[in-house]
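Colleague: Supplied structure: input.cif, mmCIF, C-alpha atoms.
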data_query
#
loop_
_atom_site.group_PDB
_atom_site.id
_atom_site.type_symbol
_atom_site.label_atom_id
_atom_site.label_comp_id
_atom_site.auth_asym_id
_atom_site.auth_seq_id
_atom_site.Cartn_x
_atom_site.Cartn_y
_atom_site.Cartn_z
ATOM 1 C CA MET L 1 0.000 0.000 0.000
ATOM 2 C CA ALA L 2 1.361 3.414 -0.967
ATOM 3 C CA PRO L 3 2.113 5.882 1.834
ATOM 4 C CA PRO L 4 -0.452 8.698 2.212
ATOM 5 C CA MET L 5 0.223 11.787 0.136
ATOM 6 C CA SER L 6 1.625 14.874 1.852
ATOM 7 C CA GLU L 7 -0.329 18.135 1.867
ATOM 8 C CA HIS L 8 2.234 19.560 -0.599
ATOM 9 C CA GLU L 9 1.730 16.666 -3.018
ATOM 10 C CA ILE L 10 -2.085 16.911 -2.817
ATOM 11 C CA GLN L 11 -1.814 20.672 -3.379
ATOM 12 C CA GLN L 12 0.414 20.295 -6.457
ATOM 13 C CA ARG L 13 -1.898 17.682 -7.979
ATOM 14 C CA ILE L 14 -4.954 19.904 -7.419
ATOM 15 C CA ARG L 15 -3.181 22.996 -8.812
ATOM 16 C CA LEU L 16 -2.127 21.155 -11.972
ATOM 17 C CA ALA L 17 -5.393 19.258 -12.509
ATOM 18 C CA CYS L 18 -7.810 22.097 -11.746
ATOM 19 C CA GLY L 19 -5.865 25.246 -12.704
ATOM 20 C CA GLN L 20 -6.720 25.207 -16.393
ATOM 21 C CA GLY L 21 -9.593 26.118 -18.699
ATOM 22 C CA PRO L 22 -11.841 28.619 -16.898
ATOM 23 C CA VAL L 23 -9.922 28.275 -13.605
ATOM 24 C CA ARG L 24 -6.503 29.664 -12.612
ATOM 25 C CA LEU L 25 -4.971 28.660 -9.271
ATOM 26 C CA TRP L 26 -1.850 30.003 -7.572
ATOM 27 C CA ARG L 27 0.039 28.868 -4.488
ATOM 28 C CA ASN L 28 -0.386 31.327 -1.637
ATOM 29 C CA ASN L 29 2.576 30.961 0.705
ATOM 30 C CA SER L 30 1.904 32.715 3.963
ATOM 31 C CA GLY L 31 3.918 33.156 7.108
ATOM 32 C CA ALA L 32 6.722 35.279 8.496
ATOM 33 C CA LEU L 33 10.503 35.389 8.647
ATOM 34 C CA VAL L 34 13.230 37.616 9.982
ATOM 35 C CA ASP L 35 15.210 39.354 7.217
ATOM 36 C CA GLN L 36 18.967 40.076 7.216
ATOM 37 C CA GLN L 37 18.394 43.360 9.066
ATOM 38 C CA GLY L 38 16.477 41.556 11.828
ATOM 39 C CA ARG L 39 13.037 42.853 10.750
ATOM 40 C CA LEU L 40 10.008 40.581 10.851
ATOM 41 C CA VAL L 41 8.572 40.249 7.328
ATOM 42 C CA ARG L 42 5.094 38.769 6.874
ATOM 43 C CA PHE L 43 3.993 37.356 3.532
ATOM 44 C CA GLY L 44 0.815 35.911 2.005
ATOM 45 C CA LEU L 45 -2.636 37.453 1.741
ATOM 46 C CA CYS L 46 -3.498 37.375 5.449
ATOM 47 C CA LYS L 47 -3.412 35.050 8.427
ATOM 48 C CA GLY L 48 -5.577 32.051 7.625
ATOM 49 C CA SER L 49 -5.640 32.656 3.851
ATOM 50 C CA SER L 50 -5.962 29.502 1.751
ATOM 51 C CA ASP L 51 -3.171 27.417 0.226
ATOM 52 C CA LEU L 52 -4.484 27.837 -3.310
ATOM 53 C CA ILE L 53 -6.179 31.002 -4.460
ATOM 54 C CA GLY L 54 -7.401 31.881 -7.898
ATOM 55 C CA LEU L 55 -10.102 32.952 -10.284
ATOM 56 C CA ARG L 56 -12.933 31.067 -11.927
ATOM 57 C CA SER L 57 -14.411 32.551 -15.083
ATOM 58 C CA LEU L 58 -18.196 32.728 -15.150
ATOM 59 C CA GLU L 59 -20.578 33.790 -17.896
ATOM 60 C CA ILE L 60 -23.242 36.206 -16.721
ATOM 61 C CA THR L 61 -26.766 35.528 -17.927
ATOM 62 C CA THR L 62 -29.822 37.687 -18.766
ATOM 63 C CA ASP L 63 -28.980 41.419 -18.705
ATOM 64 C CA LEU L 64 -25.216 40.910 -19.190
ATOM 65 C CA VAL L 65 -25.314 37.958 -21.600
ATOM 66 C CA GLY L 66 -21.942 37.047 -23.017
ATOM 67 C CA GLN L 67 -19.840 39.009 -20.546
ATOM 68 C CA ARG L 68 -17.379 37.124 -18.365
ATOM 69 C CA LEU L 69 -16.753 37.594 -14.686
ATOM 70 C CA ALA L 70 -13.887 36.232 -12.566
ATOM 71 C CA GLN L 71 -15.024 34.580 -9.339
ATOM 72 C CA PHE L 72 -12.473 34.431 -6.494
ATOM 73 C CA VAL L 73 -11.439 30.892 -5.516
ATOM 74 C CA ALA L 74 -9.899 29.823 -2.175
ATOM 75 C CA LEU L 75 -9.012 26.161 -1.674
ATOM 76 C CA GLU L 76 -7.563 25.104 1.676
ATOM 77 C CA ILE L 77 -5.618 21.891 1.113
ATOM 78 C CA LYS L 78 -5.367 19.288 3.850
ATOM 79 C CA THR L 79 -4.299 15.688 4.224
ATOM 80 C CA ALA L 80 -6.875 13.118 5.307
ATOM 81 C CA ARG L 81 -6.103 13.957 8.951
ATOM 82 C CA GLY L 82 -5.203 17.633 8.539
ATOM 83 C CA LEU L 83 -7.087 20.117 10.693
ATOM 84 C CA VAL L 84 -8.445 23.480 9.529
ATOM 85 C CA SER L 85 -7.524 26.336 11.868
ATOM 86 C CA THR L 86 -9.985 28.912 13.165
ATOM 87 C CA GLU L 87 -8.301 31.583 10.996
ATOM 88 C CA GLN L 88 -8.536 29.381 7.890
ATOM 89 C CA ARG L 89 -12.260 28.715 8.505
ATOM 90 C CA ALA L 90 -12.846 32.461 8.966
ATOM 91 C CA PHE L 91 -11.068 33.235 5.664
ATOM 92 C CA LEU L 92 -13.103 30.594 3.801
ATOM 93 C CA ALA L 93 -16.328 31.898 5.347
ATOM 94 C CA LEU L 94 -15.521 35.442 4.231
ATOM 95 C CA VAL L 95 -14.738 34.352 0.663
ATOM 96 C CA GLU L 96 -17.994 32.396 0.499
ATOM 97 C CA GLN L 97 -20.015 35.229 2.099
ATOM 98 C CA LEU L 98 -18.732 37.630 -0.567
ATOM 99 C CA GLY L 99 -19.666 35.288 -3.430
ATOM 100 C CA GLY L 100 -16.442 33.374 -3.983
ATOM 101 C CA VAL L 101 -15.773 29.654 -4.067
ATOM 102 C CA ALA L 102 -14.355 28.409 -0.751
ATOM 103 C CA ALA L 103 -13.605 24.812 0.188
ATOM 104 C CA VAL L 104 -11.389 22.492 2.176
ATOM 105 C CA CYS L 105 -10.063 19.835 -0.205
ATOM 106 C CA ARG L 106 -8.155 16.645 0.478
ATOM 107 C CA SER L 107 -7.907 15.374 -3.124
ATOM 108 C CA VAL L 108 -8.103 16.440 -6.763
ATOM 109 C CA GLU L 109 -11.605 14.965 -6.929
ATOM 110 C CA GLU L 110 -12.808 17.116 -4.043
ATOM 111 C CA ALA L 111 -11.328 20.228 -5.667
ATOM 112 C CA GLU L 112 -12.989 19.391 -8.990
ATOM 113 C CA GLN L 113 -16.293 18.909 -7.178
ATOM 114 C CA ALA L 114 -15.963 22.249 -5.372
ATOM 115 C CA LEU L 115 -15.246 24.071 -8.629
ATOM 116 C CA GLU L 116 -18.102 22.365 -10.507
ATOM 117 C CA LEU L 117 -20.616 23.063 -7.721
ATOM 118 C CA ALA L 118 -19.620 26.714 -7.484
ATOM 119 C CA LEU L 119 -22.566 27.775 -9.658
ATOM 120 C CA ALA L 120 -25.142 26.012 -7.480
ATOM 121 C CA PRO L 121 -26.369 27.610 -4.246
ATOM 122 C CA CYS L 122 -24.381 26.419 -1.252
ATOM 123 C CA PRO L 123 -26.145 24.151 1.210
ATOM 124 C CA ALA L 124 -26.913 25.654 4.624
ATOM 125 C CA THR L 125 -23.668 24.359 6.100
ATOM 126 C CA GLY L 126 -21.565 25.118 2.999
ATOM 127 C CA PRO L 127 -18.068 23.813 2.309
ATOM 128 C CA VAL L 128 -16.675 25.863 5.184
ATOM 129 C CA GLU L 129 -18.445 23.805 7.839
ATOM 130 C CA GLN L 130 -17.737 20.486 6.147
ATOM 131 C CA ASP L 131 -15.082 19.347 3.714
ATOM 132 C CA CYS L 132 -15.826 19.203 -0.006
#
Could the structure of this file be written out as structure tokens, please?

Modeller:
Amino acid sequence: MAPPMSEHEIQQRIRLACGQGPVRLWRNNSGALVDQQGRLVRFGLCKGSSDLIGLRSLEITTDLVGQRLAQFVALEIKTARGLVSTEQRAFLALVEQLGGVAAVCRSVEEAEQALELALAPCPATGPVEQDC
């Protein structure tokens, strides 16, 4: 039996499999380090921001037929046992509240499902409360 995939490996597979066609995904490294002058430098969107962020192209219907719109995408990648932090859940909730696609994904299949279901209304619990 093959060893379980690492979070990095799952993330790379999702980025390559799902970041094409109408979807573009980028790695969002976040954290902090001390530079050569001893200053703390923070990087990434914000504390709790997702591992993969991107855009999903949507076609608007009725009054704006034919125009395209980019929908923000935030995918938090975890292993089968990986835990989602409070900050990560808050970031995903905000993205979803503002009309973006937000999900915790543990495989390429879960990411594909989250991106395909993005057009449908989210269930009451939404992908933030439960994994994809």

Colleague: Could you list, as a list in words, every residue within 9 Å of Gly99 (chain L), counting only C-alpha atoms and ignoring same-chain residues fewer than 4 positions away?

Modeller: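 Contacts, in chain order: Gln71, Phe72, Leu94 and Val95 of chain L.
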
Colleague: Can you turn the PyMOL selection byres ((chain L and resi 22-26) around 9) into a concrete residue list for this file, as a short mmCIF file (atom, residue, chain, number, x, y, z; two decimals) with C-alpha atoms, in the frame of the given file?

Modeller:
data_model
loop_
_atom_site.label_atom_id
_atom_site.label_comp_id
_atom_site.auth_asym_id
_atom_site.auth_seq_id
_atom_site.Cartn_x
_atom_site.Cartn_y
_atom_site.Cartn_z
CA ILE L 14 -4.95 19.90 -7.42
CA ARG L 15 -3.18 23.00 -8.81
CA LEU L 16 -2.13 21.16 -11.97
CA CYS L 18 -7.81 22.10 -11.75
CA GLY L 19 -5.86 25.25 -12.70
CA GLN L 20 -6.72 25.21 -16.39
CA GLY L 21 -9.59 26.12 -18.70
CA ARG L 27 0.04 28.87 -4.49
CA ASN L 28 -0.39 31.33 -1.64
CA ASP L 51 -3.17 27.42 0.23
CA LEU L 52 -4.48 27.84 -3.31
CA ILE L 53 -6.18 31.00 -4.46
CA GLY L 54 -7.40 31.88 -7.90
CA LEU L 55 -10.10 32.95 -10.28
CA ARG L 56 -12.93 31.07 -11.93
CA SER L 57 -14.41 32.55 -15.08
CA LEU L 58 -18.20 32.73 -15.15
CA ALA L 70 -13.89 36.23 -12.57
CA VAL L 73 -11.44 30.89 -5.52
CA ALA L 74 -9.90 29.82 -2.17
CA LEU L 75 -9.01 26.16 -1.67
CA LEU L 115 -15.25 24.07 -8.63
#

Colleague: By how many Å are CA of Leu45 (chain L) and CA of Leu92 (chain L) apart?

Modeller: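 Taking CA of Leu45 (chain L) and CA of Leu92 (chain L), their separation equals 12.7 Å.
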
Colleague: For this structure, which residues satisfy the selection - the PyMOL selection byres ((chain L and resi 5-12) around 7) - when it is evaluated on the file as given? I want them as a list in words.

Modeller: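 Evaluating the PyMOL selection byres ((chain L and resi 5-12) around 7) on this file yields Pro3, Pro4, Arg13, Ile14, Arg15, Leu16, Ile77, Lys78, Thr79, Arg106 and Ser107 of chain L.
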
Colleague: For CA of Ala17 (chain L) and CA of Glu116 (chain L), quote the distance in Å rounded to one decimal.

Modeller: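 So the answer is 13.2 Å.
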
Colleague: First collect every listed atom of region 71-76 of chain L; then fit an axis-aligned box around them, widen it by 6 Å on each side, and give centre and edge lengths in Å to one decimal, as lines of an AutoDock Vina configuration file.

Modeller:
center_x = -11.3
center_y = 29.8
center_z = -3.8
size_x = 19.5
size_y = 21.5
size_z = 23.0

Colleague: Excluding same-chain residues fewer than 5 positions from region 81-91 of chain L, what lies within 9 Å of it counting all atoms listed in the file, as a VMD selection string?

Modeller: chain L and resid 7 46 to 50 74 76 96 102 104 106 128 to 129

Colleague: Work out how far CA of Ala32 (chain L) is from CA of Gly44 (chain L), in Å to one decimal.

Modeller: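 So the answer is 8.8 Å.
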